[in-house]
>>> print(open('run.txt').read())   # compact mmCIF, C-alpha atoms and all ligand atoms
# COMPACT_ATOMS: atom_id res chain seq x y z
CA MET A 1 115.78 98.27 106.36
CA ALA A 2 117.09 95.08 104.89
CA SER A 3 116.56 92.61 102.10
CA ILE A 4 115.27 89.18 103.14
CA THR A 5 116.74 85.99 101.70
CA ILE A 6 114.99 82.70 102.35
CA ASP A 7 117.39 80.01 101.23
CA ASN A 8 116.11 76.45 100.88
CA VAL A 9 114.05 76.53 104.04
CA VAL A 10 112.46 73.29 105.22
CA LYS A 11 109.93 73.12 108.05
CA GLN A 12 108.32 69.98 109.38
CA PHE A 13 105.67 69.43 112.01
CA ALA A 14 105.59 65.85 113.27
CA ASN A 15 105.87 63.91 110.00
CA GLN A 16 104.32 66.61 107.81
CA THR A 17 106.68 68.71 105.66
CA VAL A 18 105.02 72.12 105.63
CA LEU A 19 107.78 74.05 103.79
CA GLN A 20 109.69 72.19 101.10
CA ASN A 21 113.11 73.67 100.27
CA LEU A 22 111.53 77.05 99.81
CA SER A 23 113.64 79.94 98.49
CA LEU A 24 112.63 83.57 98.04
CA HIS A 25 114.50 86.87 97.91
CA VAL A 26 112.74 90.06 98.93
CA PRO A 27 114.77 93.12 97.91
CA ASP A 28 115.31 95.99 100.33
CA GLY A 29 112.23 98.20 100.47
CA ALA A 30 109.97 95.89 98.43
CA PHE A 31 106.42 94.86 99.28
CA TYR A 32 106.03 91.10 98.70
CA THR A 33 102.89 89.08 99.32
CA LEU A 34 102.57 85.39 100.15
CA LEU A 35 99.28 84.29 98.63
CA GLY A 36 97.65 80.90 98.78
CA PRO A 37 94.78 78.88 100.21
CA SER A 38 94.45 78.08 103.88
CA GLY A 39 97.00 75.51 105.02
CA CYS A 40 99.57 76.07 102.24
CA GLY A 41 102.23 77.28 104.71
CA LYS A 42 102.05 81.09 104.58
CA THR A 43 101.98 81.63 108.33
CA THR A 44 104.65 79.00 108.87
CA LEU A 45 106.99 80.80 106.45
CA LEU A 46 106.27 84.20 108.01
CA ARG A 47 106.93 82.76 111.47
CA CYS A 48 110.24 81.37 110.24
CA ILE A 49 111.21 84.85 109.03
CA ALA A 50 110.12 86.28 112.38
CA GLY A 51 111.96 83.64 114.39
CA PHE A 52 108.88 82.14 116.03
CA ASN A 53 109.50 78.92 114.07
CA ASP A 54 112.88 77.20 113.80
CA PRO A 55 113.47 75.88 110.28
CA ASP A 56 114.59 72.25 110.04
CA GLY A 57 116.80 73.13 107.10
CA GLY A 58 118.04 76.13 105.13
CA ARG A 59 118.89 79.68 106.12
CA ILE A 60 117.26 83.06 106.53
CA LEU A 61 119.30 86.22 105.92
CA PHE A 62 118.54 89.87 106.54
CA ASP A 63 120.91 91.58 104.12
CA LYS A 64 124.08 89.51 104.60
CA ASP A 65 123.31 88.64 108.23
CA ASP A 66 122.37 85.03 108.84
CA VAL A 67 119.52 85.31 111.36
CA THR A 68 118.44 81.65 111.21
CA ARG A 69 119.48 81.04 114.83
CA VAL A 70 118.88 84.59 116.09
CA SER A 71 115.96 84.97 118.50
CA THR A 72 112.88 86.94 117.44
CA HIS A 73 113.75 89.53 120.00
CA HIS A 74 117.07 90.29 118.32
CA ARG A 75 115.88 90.17 114.71
CA ASP A 76 114.52 93.69 114.68
CA ILE A 77 111.20 92.87 113.05
CA GLY A 78 107.82 94.56 113.22
CA MET A 79 104.90 92.16 113.14
CA VAL A 80 101.17 92.66 112.64
CA PHE A 81 98.72 89.82 113.24
CA GLN A 82 95.19 89.14 112.06
CA ASP A 83 93.79 89.37 115.59
CA TYR A 84 95.79 92.57 116.39
CA ALA A 85 97.44 91.00 119.47
CA LEU A 86 97.30 94.26 121.42
CA PHE A 87 97.77 94.32 125.19
CA PRO A 88 94.17 94.66 126.43
CA ASP A 89 95.22 96.37 129.67
CA LYS A 90 97.30 99.05 127.96
CA THR A 91 96.11 102.21 126.23
CA ALA A 92 96.84 102.84 122.57
CA PHE A 93 99.77 105.02 123.65
CA ASP A 94 101.23 102.37 125.95
CA ASN A 95 100.75 99.63 123.34
CA VAL A 96 102.74 101.66 120.83
CA ALA A 97 105.32 102.66 123.45
CA TYR A 98 105.93 99.06 124.53
CA GLY A 99 108.78 98.23 122.14
CA LEU A 100 110.54 101.53 122.77
CA ARG A 101 110.39 101.07 126.55
CA ALA A 102 111.77 97.54 126.16
CA ARG A 103 114.64 99.07 124.21
CA LYS A 104 115.25 101.65 126.98
CA VAL A 105 114.65 104.62 124.71
CA PRO A 106 114.65 107.91 126.71
CA LYS A 107 111.22 108.98 127.92
CA ALA A 108 111.00 112.25 125.97
CA GLU A 109 111.92 110.48 122.77
CA ILE A 110 109.30 107.78 123.45
CA ALA A 111 106.61 110.44 123.82
CA ARG A 112 107.69 112.14 120.61
CA ARG A 113 107.90 108.95 118.55
CA VAL A 114 104.67 107.40 119.86
CA ASN A 115 102.73 110.59 119.21
CA GLU A 116 104.21 110.80 115.72
CA ALA A 117 103.32 107.14 115.04
CA LEU A 118 99.75 107.57 116.34
CA ASP A 119 99.40 110.72 114.26
CA LYS A 120 100.43 108.84 111.11
CA VAL A 121 97.59 106.37 111.63
CA SER A 122 95.18 109.20 112.54
CA LEU A 123 94.75 108.01 116.11
CA LEU A 124 96.33 110.80 118.12
CA ALA A 125 92.94 111.73 119.59
CA LEU A 126 92.43 108.15 120.83
CA ALA A 127 95.84 107.75 122.52
CA ASP A 128 94.23 107.11 125.93
CA ARG A 129 91.70 104.53 124.76
CA TYR A 130 91.99 100.85 125.58
CA PRO A 131 91.66 98.24 122.79
CA ALA A 132 88.14 97.31 123.96
CA GLN A 133 87.09 100.92 123.36
CA MET A 134 88.22 100.90 119.73
CA SER A 135 86.87 99.48 116.46
CA GLY A 136 88.67 96.70 114.58
CA GLY A 137 90.15 99.15 112.11
CA GLN A 138 91.39 101.41 114.91
CA ARG A 139 92.95 98.46 116.74
CA GLN A 140 94.72 97.35 113.59
CA ARG A 141 96.07 100.88 113.14
CA VAL A 142 97.43 100.78 116.69
CA ALA A 143 99.08 97.45 115.85
CA LEU A 144 100.59 98.98 112.73
CA ALA A 145 101.90 101.99 114.65
CA ARG A 146 103.34 99.64 117.28
CA ALA A 147 105.11 97.59 114.62
CA LEU A 148 106.61 100.59 112.83
CA VAL A 149 107.53 102.84 115.77
CA ILE A 150 110.59 100.72 116.57
CA ARG A 151 111.86 101.30 112.99
CA PRO A 152 112.33 97.58 112.34
CA ARG A 153 114.47 96.17 109.56
CA VAL A 154 111.52 94.28 108.10
CA LEU A 155 107.75 94.39 108.52
CA LEU A 156 105.80 91.12 108.59
CA MET A 157 102.00 91.10 108.35
CA ASP A 158 99.85 87.98 108.67
CA GLU A 159 96.39 88.52 107.17
CA PRO A 160 96.11 91.91 108.89
CA LEU A 161 92.89 92.85 107.09
CA SER A 162 90.96 89.58 107.40
CA ASN A 163 89.04 90.52 110.52
CA LEU A 164 87.84 93.87 109.17
CA ASP A 165 84.61 94.57 107.32
CA ALA A 166 84.79 95.05 103.55
CA LYS A 167 84.85 98.85 103.57
CA MET A 168 87.49 99.09 106.29
CA ARG A 169 89.59 96.49 104.48
CA LEU A 170 89.78 98.73 101.43
CA GLN A 171 90.69 101.79 103.50
CA MET A 172 93.35 99.92 105.43
CA ARG A 173 95.05 98.85 102.21
CA ASP A 174 95.84 102.49 101.57
CA VAL A 175 96.81 103.19 105.17
CA ILE A 176 99.29 100.30 105.08
CA LEU A 177 100.72 101.18 101.67
CA ASP A 178 101.12 104.87 102.56
CA LEU A 179 102.99 103.99 105.76
CA VAL A 180 105.29 101.33 104.36
CA ARG A 181 106.12 103.41 101.30
CA GLU A 182 106.94 106.41 103.45
CA ALA A 183 109.10 104.29 105.76
CA GLY A 184 110.62 102.48 102.75
CA ILE A 185 110.44 99.30 104.77
CA THR A 186 110.83 95.78 103.37
CA THR A 187 107.45 94.12 103.86
CA VAL A 188 106.18 90.54 103.66
CA PHE A 189 102.39 90.52 103.65
CA VAL A 190 100.31 87.35 103.94
CA THR A 191 96.83 87.02 102.53
CA HIS A 192 94.49 84.45 101.00
CA ASP A 193 92.65 87.25 99.15
CA GLN A 194 93.87 87.44 95.57
CA GLU A 195 92.42 90.89 94.93
CA GLU A 196 94.21 92.28 97.98
CA ALA A 197 97.45 90.73 96.73
CA LEU A 198 97.03 92.17 93.23
CA ALA A 199 96.17 95.61 94.53
CA MET A 200 98.99 95.98 97.04
CA SER A 201 102.08 94.04 95.99
CA ASP A 202 105.27 94.69 94.08
CA ARG A 203 105.51 90.94 93.69
CA ILE A 204 103.34 88.02 94.72
CA ALA A 205 104.57 84.55 95.64
CA ILE A 206 101.74 82.08 95.07
CA MET A 207 102.18 79.17 97.42
CA ASP A 208 101.02 75.61 96.81
CA ARG A 209 101.53 73.01 99.56
CA GLY A 210 104.72 74.47 100.98
CA SER A 211 106.33 75.56 97.73
CA ILE A 212 106.18 78.68 95.60
CA ALA A 213 104.17 77.87 92.49
CA GLN A 214 105.01 81.22 90.85
CA LEU A 215 106.66 84.47 91.82
CA GLY A 216 105.87 87.53 89.78
CA THR A 217 104.36 90.97 89.51
CA PRO A 218 100.57 91.12 89.70
CA GLU A 219 100.53 91.64 85.92
CA GLU A 220 102.71 88.58 85.31
CA LEU A 221 100.62 86.34 87.51
CA TYR A 222 97.38 87.47 85.94
CA GLY A 223 98.64 87.55 82.35
CA THR A 224 101.03 84.61 82.20
CA PRO A 225 100.23 82.06 84.91
CA VAL A 226 102.61 79.10 84.70
CA ASN A 227 100.00 76.49 85.46
CA ALA A 228 96.34 75.84 86.07
CA TYR A 229 96.71 76.22 89.85
CA VAL A 230 98.01 79.78 89.55
CA ALA A 231 95.50 80.70 86.84
CA ASP A 232 92.63 79.39 88.90
CA PHE A 233 93.78 81.11 92.07
CA ILE A 234 94.38 84.52 90.50
CA GLY A 235 91.25 85.98 89.01
CA SER A 236 89.25 82.80 88.43
CA ALA A 237 90.08 81.75 84.86
CA ASN A 238 88.38 79.09 82.81
CA VAL A 239 90.76 76.15 83.06
CA ILE A 240 89.90 73.76 80.24
CA PRO A 241 91.73 70.55 79.28
CA VAL A 242 92.44 70.58 75.53
CA PRO A 243 93.81 67.51 73.72
CA ALA A 244 97.03 68.25 71.86
CA GLU A 245 98.16 66.76 68.59
CA ARG A 246 101.75 66.99 67.41
CA VAL A 247 102.05 67.92 63.72
CA GLY A 248 104.99 68.69 61.39
CA THR A 249 107.41 66.55 59.46
CA ALA A 250 110.63 66.86 61.47
CA PRO A 251 111.11 65.37 64.91
CA ALA A 252 111.50 67.94 67.67
CA GLY A 253 115.01 69.39 67.84
CA SER A 254 116.19 68.07 64.44
CA ALA A 255 117.24 70.19 61.46
CA GLY A 256 115.25 70.28 58.21
CA GLY A 257 111.58 69.71 57.44
CA ALA A 258 108.69 71.75 58.75
CA PRO A 259 109.13 72.68 62.38
CA PRO A 260 106.91 70.56 64.52
CA HIS A 261 104.15 72.29 66.42
CA VAL A 262 101.20 71.32 68.48
CA ARG A 263 97.54 71.71 67.60
CA TYR A 264 94.89 71.90 70.27
CA GLN A 265 91.23 71.10 70.13
CA LEU A 266 88.30 72.33 72.15
CA CYS A 267 85.01 70.45 71.78
CA GLY A 268 86.34 68.71 68.70
CA GLN A 269 87.22 71.99 67.04
CA GLN A 270 90.74 73.11 66.24
CA LEU A 271 92.07 76.18 68.03
CA ASP A 272 94.34 78.45 66.00
CA GLY A 273 97.30 80.50 67.18
CA MET A 274 97.40 79.41 70.83
CA GLN A 275 100.40 80.42 72.95
CA GLY A 276 101.68 77.07 74.03
CA SER A 277 104.85 75.10 74.20
CA ALA A 278 105.80 72.24 71.88
CA THR A 279 107.16 70.40 74.90
CA LEU A 280 103.68 69.84 76.30
CA GLY A 281 102.39 66.31 76.35
CA ALA A 282 99.22 64.97 74.80
CA GLN A 283 97.10 67.27 76.90
CA GLY A 284 97.25 71.02 77.42
CA ILE A 285 95.25 73.27 79.66
CA LEU A 286 93.64 76.31 78.05
CA ILE A 287 93.65 79.29 80.39
CA ALA A 288 90.88 81.65 79.33
CA ARG A 289 89.91 84.67 81.38
CA PRO A 290 86.13 85.21 81.27
CA GLU A 291 86.68 88.79 80.12
CA ALA A 292 89.02 87.68 77.32
CA LEU A 293 86.27 85.61 75.70
CA SER A 294 83.43 87.01 73.69
CA LEU A 295 80.10 85.78 72.33
CA MET A 296 78.45 85.91 68.94
CA ALA A 297 75.37 84.47 67.31
CA PRO A 298 76.00 81.19 65.44
CA ALA A 299 77.66 81.75 62.06
CA PRO A 300 79.65 79.40 59.81
CA HIS A 301 83.43 79.44 59.26
CA VAL A 302 84.47 81.63 62.17
CA PRO A 303 87.92 80.61 63.48
CA ASN A 304 88.13 79.64 67.16
CA ALA A 305 84.37 79.90 67.60
CA ILE A 306 83.03 77.14 69.83
CA ALA A 307 79.31 76.45 69.72
CA GLY A 308 77.32 76.39 72.94
CA GLU A 309 74.17 77.48 74.72
CA VAL A 310 73.61 80.17 77.34
CA LEU A 311 72.76 78.50 80.65
CA ARG A 312 72.52 81.66 82.72
CA ARG A 313 72.90 85.38 82.17
CA GLN A 314 73.76 87.55 85.14
CA TYR A 315 73.63 91.33 84.84
CA LEU A 316 76.23 92.94 87.14
CA GLY A 317 76.11 96.59 86.10
CA PHE A 318 79.53 97.22 84.64
CA LYS A 319 79.58 93.76 83.12
CA THR A 320 77.30 90.88 82.24
CA ALA A 321 78.40 87.35 83.13
CA TYR A 322 77.27 84.30 81.16
CA ARG A 323 77.56 80.59 81.86
CA ILE A 324 77.79 78.77 78.56
CA ARG A 325 77.35 75.03 78.11
CA LEU A 326 79.47 73.62 75.29
CA HIS A 327 78.44 70.58 73.28
CA ASP A 328 80.61 68.23 75.34
CA ASN A 329 78.59 69.38 78.39
CA SER A 330 81.50 71.33 79.88
CA GLU A 331 80.85 74.87 81.04
CA ILE A 332 82.70 78.06 80.29
CA ARG A 333 82.29 81.50 81.81
CA VAL A 334 82.25 84.61 79.64
CA GLU A 335 82.06 88.23 80.79
CA LEU A 336 81.12 91.06 78.50
CA HIS A 337 81.87 94.55 79.74
CA ALA A 338 79.31 97.28 79.32
CA GLY A 339 81.75 99.40 77.30
CA ASN A 340 82.46 96.87 74.56
CA MET A 341 79.38 94.63 74.52
CA VAL A 342 78.22 94.35 70.93
CA ALA A 343 75.38 91.88 71.52
CA ASP A 344 73.52 90.51 74.52
CA PHE A 345 72.20 86.98 74.90
CA GLN A 346 69.61 85.29 77.10
CA ALA A 347 69.40 81.87 78.73
CA GLY A 348 68.58 79.27 76.09
CA ASP A 349 70.18 81.20 73.21
CA ALA A 350 72.54 79.32 70.91
CA VAL A 351 75.85 81.17 70.75
CA GLN A 352 79.47 80.80 69.75
CA VAL A 353 82.25 81.48 72.24
CA LEU A 354 85.20 83.21 70.59
CA VAL A 355 88.57 82.09 71.98
CA PRO A 356 91.20 84.76 71.21
CA ALA A 357 94.08 83.57 69.06
CA ASP A 358 96.71 84.51 71.65
CA SER A 359 95.15 82.48 74.47
CA ARG A 360 97.53 80.69 76.75
CA ILE A 361 98.00 76.94 77.03
CA VAL A 362 99.96 75.47 79.93
CA GLY A 363 100.96 71.97 80.91
CA ALA A 364 98.50 69.74 82.70
N1 LIG B 401 102.51 74.33 115.36
C1 LIG B 401 102.08 73.45 114.45
N2 LIG B 401 102.05 72.13 114.73
C2 LIG B 401 101.64 71.24 113.81
N3 LIG B 401 101.22 71.56 112.58
C3 LIG B 401 101.22 72.86 112.23
C4 LIG B 401 101.65 73.87 113.15
N4 LIG B 401 101.54 75.08 112.52
C5 LIG B 401 101.08 74.81 111.28
N5 LIG B 401 100.89 73.49 111.12
C6 LIG B 401 100.39 72.84 109.87
O1 LIG B 401 101.15 73.34 108.79
C7 LIG B 401 100.34 73.54 107.64
C8 LIG B 401 100.46 74.97 107.16
O2 LIG B 401 99.89 75.83 108.11
P1 LIG B 401 99.97 77.39 108.02
O3 LIG B 401 101.37 77.80 107.78
O4 LIG B 401 99.28 77.95 109.22
O5 LIG B 401 99.11 77.67 106.70
P2 LIG B 401 98.44 79.03 106.18
O6 LIG B 401 98.93 80.17 106.99
O7 LIG B 401 98.83 79.10 104.73
O8 LIG B 401 96.96 78.81 106.30
C9 LIG B 401 98.94 73.15 108.05
O9 LIG B 401 98.72 71.84 107.62
C10 LIG B 401 98.97 73.24 109.55
O10 LIG B 401 98.07 72.34 110.11
MG MG B 402 97.89 81.55 108.17
>>> encode(input="run.txt", output="structure tokens", more="lines below")
Ligand SMILES: Nc1ncnc2c1ncn2[C@@H]1O[C@H](COP(=O)(O)OP(=O)(O)O)[C@@H](O)[C@H]1O
Ligand SMILES: [Mg+2]
Amino acid sequence: MASITIDNVVKQFANQTVLQNLSLHVPDGAFYTLLGPSGCGKTTLLRCIAGFNDPDGGRILFDKDDVTRVSTHHRDIGMVFQDYALFPDKTAFDNVAYGLRARKVPKAEIARRVNEALDKVSLLALADRYPAQMSGGQRQRVALARALVIRPRVLLMDEPLSNLDAKMRLQMRDVILDLVREAGITTVFVTHDQEEALAMSDRIAIMDRGSIAQLGTPEELYGTPVNAYVADFIGSANVIPVPAERVGTAPAGSAGGAPPHVRYQLCGQQLDGMQGSATLGAQGILIARPEALSLMAPAPHVPNAIAGEVLRRQYLGFKTAYRIRLHDNSEIRVELHAGNMVADFQAGDAVQVLVPADSRIVGA
């Protein structure tokens, strides 16, 4: 096992800079996820860690060992790919045994370790099957056993669940987590699926065009996104531009007078108590999770209540989702959960959307 340090890595293809001075430290034994839309550089970064890509700048360390110029073969990594990448002409047993044979491990020990690895992924009974005779989930479990049987220093997984059906994807999350926790192995997991990232990771690095937009625990990314990109990517928030107005008698940073603060407006109405920063410019972005908003029938003098009309009501069992059109014609999504729904509304109803006083405002 080892920590992974990515130090200012740059990677270019032709004249495109795919990784821009990217730095990330993954502590020994941690499960980190690279999350981001297609094309943002996740695979490129993983391949740099694996040694399949040569960075054009920066360094990669495993613990204190600089592996930047070390070949993949000598980096001691386990890798799992989206398309399994099993040898089609080898049985499950021989696929898993491959790395041990290459390392000239004694035959009896190979048999013991391969059987143990296949047992851990519940495939001992299928040891003699070829990949073509196995389901996607079974193939991916062979790939996982093959990656872990060599006891690598780090485990790298590139969208390993993307080719599986929805039910198998959920099961495999647990299979992977059980195995990596038991092995205590440092893992970098790549996905474009935000729910998968939230459910599995110690920390998530959200990538945006070759850089890390935010690194944090799932709770941090969901609760305190640093910008609209992160908020929109994790858990689909309402991302609403809100004009800001600076008020207060003293200039920022000076002593004396009322401390300056910033007031925000939504649909011409002032929002009270927002969590923002006085350093924001003339425009803020309100980040409002659909489930953090609530609805009420129109009533006068309610703070942070924005008038609108229900465009669509969607009943989803444990929650009901509403699309609300505000008076400036913008739309906002609200979700009321079955447990705390005090009133229901139908399409065409006039309503007020209640924006909680601790809502978050970030820079544009
Ligand atoms: N071998 C390559 N040659 C040229 N361009 C590449 C190569 N690999 C990746 N790219 C480009 O780098 C960018 C990031 O790709 P990639 O790391 O695969 O993204 P992701 O895994 O996040 O979808 C894309 O624009 C892609 O076209
Ligand atoms: Mg990729």
>>> residues_around(input="run.txt", residues="Pro152 (chain A)", least_positions_apart="3", cutoff="12 Å", atoms="only C-alpha atoms", output="ChimeraX atom specification")
/A:1-2,29,50,62,72-79,99-100,144-149,155-156,180,183-187
>>> write_last_selection(input="run.txt", atoms="C-alpha atoms", output="CSV table (one decimal), keeping the file's coordinate frame")
chain,number,residue,atom,x,y,z
A,1,MET,CA,115.8,98.3,106.4
A,2,ALA,CA,117.1,95.1,104.9
A,29,GLY,CA,112.2,98.2,100.5
A,50,ALA,CA,110.1,86.3,112.4
A,62,PHE,CA,118.5,89.9,106.5
A,72,THR,CA,112.9,86.9,117.4
A,73,HIS,CA,113.8,89.5,120.0
A,74,HIS,CA,117.1,90.3,118.3
A,75,ARG,CA,115.9,90.2,114.7
A,76,ASP,CA,114.5,93.7,114.7
A,77,ILE,CA,111.2,92.9,113.0
A,78,GLY,CA,107.8,94.6,113.2
A,79,MET,CA,104.9,92.2,113.1
A,99,GLY,CA,108.8,98.2,122.1
A,100,LEU,CA,110.5,101.5,122.8
A,144,LEU,CA,100.6,99.0,112.7
A,145,ALA,CA,101.9,102.0,114.6
A,146,ARG,CA,103.3,99.6,117.3
A,147,ALA,CA,105.1,97.6,114.6
A,148,LEU,CA,106.6,100.6,112.8
A,149,VAL,CA,107.5,102.8,115.8
A,155,LEU,CA,107.8,94.4,108.5
A,156,LEU,CA,105.8,91.1,108.6
A,180,VAL,CA,105.3,101.3,104.4
A,183,ALA,CA,109.1,104.3,105.8
A,184,GLY,CA,110.6,102.5,102.8
A,185,ILE,CA,110.4,99.3,104.8
A,186,THR,CA,110.8,95.8,103.4
A,187,THR,CA,107.4,94.1,103.9
>>> residues_around(input="run.txt", residues="Ile60 (chain A)", least_positions_apart="2", cutoff="10 Å", atoms="all atoms listed in the file", output="list in words")
Ile4, Thr5, Ile6, Asp7, Asn8, Val9, Ser23, Leu24, His25, Cys48, Ile49, Ala50, Gly51, Pro55, Gly57, Gly58, Phe62, Asp63, Lys64, Asp65, Asp66, Val67, Thr68, Arg69 and Val70 of chain A
>>> residues_near_ligand(input="run.txt", ligand="ligand MG 402 (chain B)", cutoff="12 Å", atoms="all atoms listed in the file", output="PyMOL selection string")
chain A and resi 34-47+81-83+157-160+162+189-193+207
>>> closest_residue(input="run.txt", among="A:Asp208, A:Asp165, A:Asp89, A:Asp94", to="ligand LIG 401 (chain B)", atoms="only C-alpha atoms and all ligand atoms")
A:Asp208
>>> atom_distance(input="run.txt", atom1="CA of Leu311 (chain A)", atom2="CA of Glu331 (chain A)")
8.9 Å
>>> closest_residue(input="run.txt", among="A:Gly339, A:Gly317, A:Pro298, A:Pro356", to="Gly273 (chain A)", atoms="only C-alpha atoms")
A:Pro356
>>> residues_around(input="run.txt", residues="Gln171 (chain A)", least_positions_apart="5", cutoff="10 Å", atoms="only C-alpha atoms", output="list of chain:residue names")
A:Gly137, A:Leu161, A:Ala166, A:Ile176
>>> closest_residue(input="run.txt", among="A:Cys267, A:Ile206, A:Ala108, A:Ala199", to="ligand LIG 401 (chain B)", atoms="only C-alpha atoms and all ligand atoms")
A:Ile206
>>> atom_distance(input="run.txt", atom1="CA of Ala30 (chain A)", atom2="CA of Glu195 (chain A)")
18.6 Å
>>> atom_distance(input="run.txt", atom1="CA of Leu286 (chain A)", atom2="CA of Asn238 (chain A)")
7.6 Å
>>> closest_residue(input="run.txt", among="A:Ala321, A:Leu170, A:Ile361, A:Leu295", to="Asp349 (chain A)", atoms="only C-alpha atoms")
A:Leu295
>>> residues_around(input="run.txt", residues="Pro243 (chain A)", least_positions_apart="6", cutoff="7 Å", atoms="all atoms listed in the file", output="PyMOL selection string")
chain A and resi 264-265+282-284
>>> residues_around(input="run.txt", residues="Ala205 (chain A)", least_positions_apart="5", cutoff="8 Å", atoms="only C-alpha atoms", output="PyMOL selection string")
chain A and resi 32-35+212-216
>>> closest_residue(input="run.txt", among="A:Ala102, A:Ile240, A:Val18, A:Val26", to="ligand LIG 401 (chain B)", atoms="only C-alpha atoms and all ligand atoms")
A:Val18
>>> closest_residue(input="run.txt", among="A:Ser201, A:Gln346, A:Thr91, A:Ser211", to="ligand LIG 401 (chain B)", atoms="all atoms listed in the file")
A:Ser211
>>> decode(input="run.txt", residues="region 306-311 of chain A", atoms="all heavy atoms", output="short mmCIF file (atom, residue, chain, number, x, y, z; two decimals), in the first residue's frame")
data_model
loop_
_atom_site.label_atom_id
_atom_site.label_comp_id
_atom_site.auth_asym_id
_atom_site.auth_seq_id
_atom_site.Cartn_x
_atom_site.Cartn_y
_atom_site.Cartn_z
N ILE A 306 -41.00 33.52 -2.67
CA ILE A 306 -40.98 34.03 -4.03
C ILE A 306 -42.22 33.49 -4.76
O ILE A 306 -42.41 32.28 -4.83
CB ILE A 306 -39.71 33.57 -4.78
CG1 ILE A 306 -38.45 33.73 -3.91
CG2 ILE A 306 -39.57 34.28 -6.11
CD1 ILE A 306 -38.11 35.15 -3.55
N ALA A 307 -43.00 34.40 -5.31
CA ALA A 307 -44.25 33.99 -5.93
C ALA A 307 -44.02 33.30 -7.27
O ALA A 307 -43.10 33.65 -8.01
CB ALA A 307 -45.15 35.21 -6.12
N GLY A 308 -44.82 32.30 -7.55
CA GLY A 308 -44.71 31.59 -8.82
C GLY A 308 -45.95 30.76 -9.09
O GLY A 308 -46.96 30.86 -8.37
N GLU A 309 -45.84 29.92 -10.13
CA GLU A 309 -46.98 29.09 -10.52
C GLU A 309 -46.49 27.68 -10.81
O GLU A 309 -45.42 27.52 -11.42
CB GLU A 309 -47.62 29.70 -11.77
CG GLU A 309 -48.80 28.92 -12.30
CD GLU A 309 -49.19 29.34 -13.72
OE1 GLU A 309 -49.04 30.52 -14.07
OE2 GLU A 309 -49.60 28.44 -14.49
N VAL A 310 -47.24 26.69 -10.40
CA VAL A 310 -46.84 25.31 -10.64
C VAL A 310 -47.02 24.98 -12.13
O VAL A 310 -48.12 25.11 -12.67
CB VAL A 310 -47.68 24.32 -9.80
CG1 VAL A 310 -47.28 22.88 -10.13
CG2 VAL A 310 -47.52 24.60 -8.31
N LEU A 311 -45.91 24.62 -12.79
CA LEU A 311 -45.99 24.22 -14.19
C LEU A 311 -46.30 22.74 -14.30
O LEU A 311 -47.08 22.31 -15.14
CB LEU A 311 -44.63 24.45 -14.88
CG LEU A 311 -44.28 25.84 -15.33
CD1 LEU A 311 -42.91 25.81 -15.97
CD2 LEU A 311 -45.33 26.33 -16.32
#
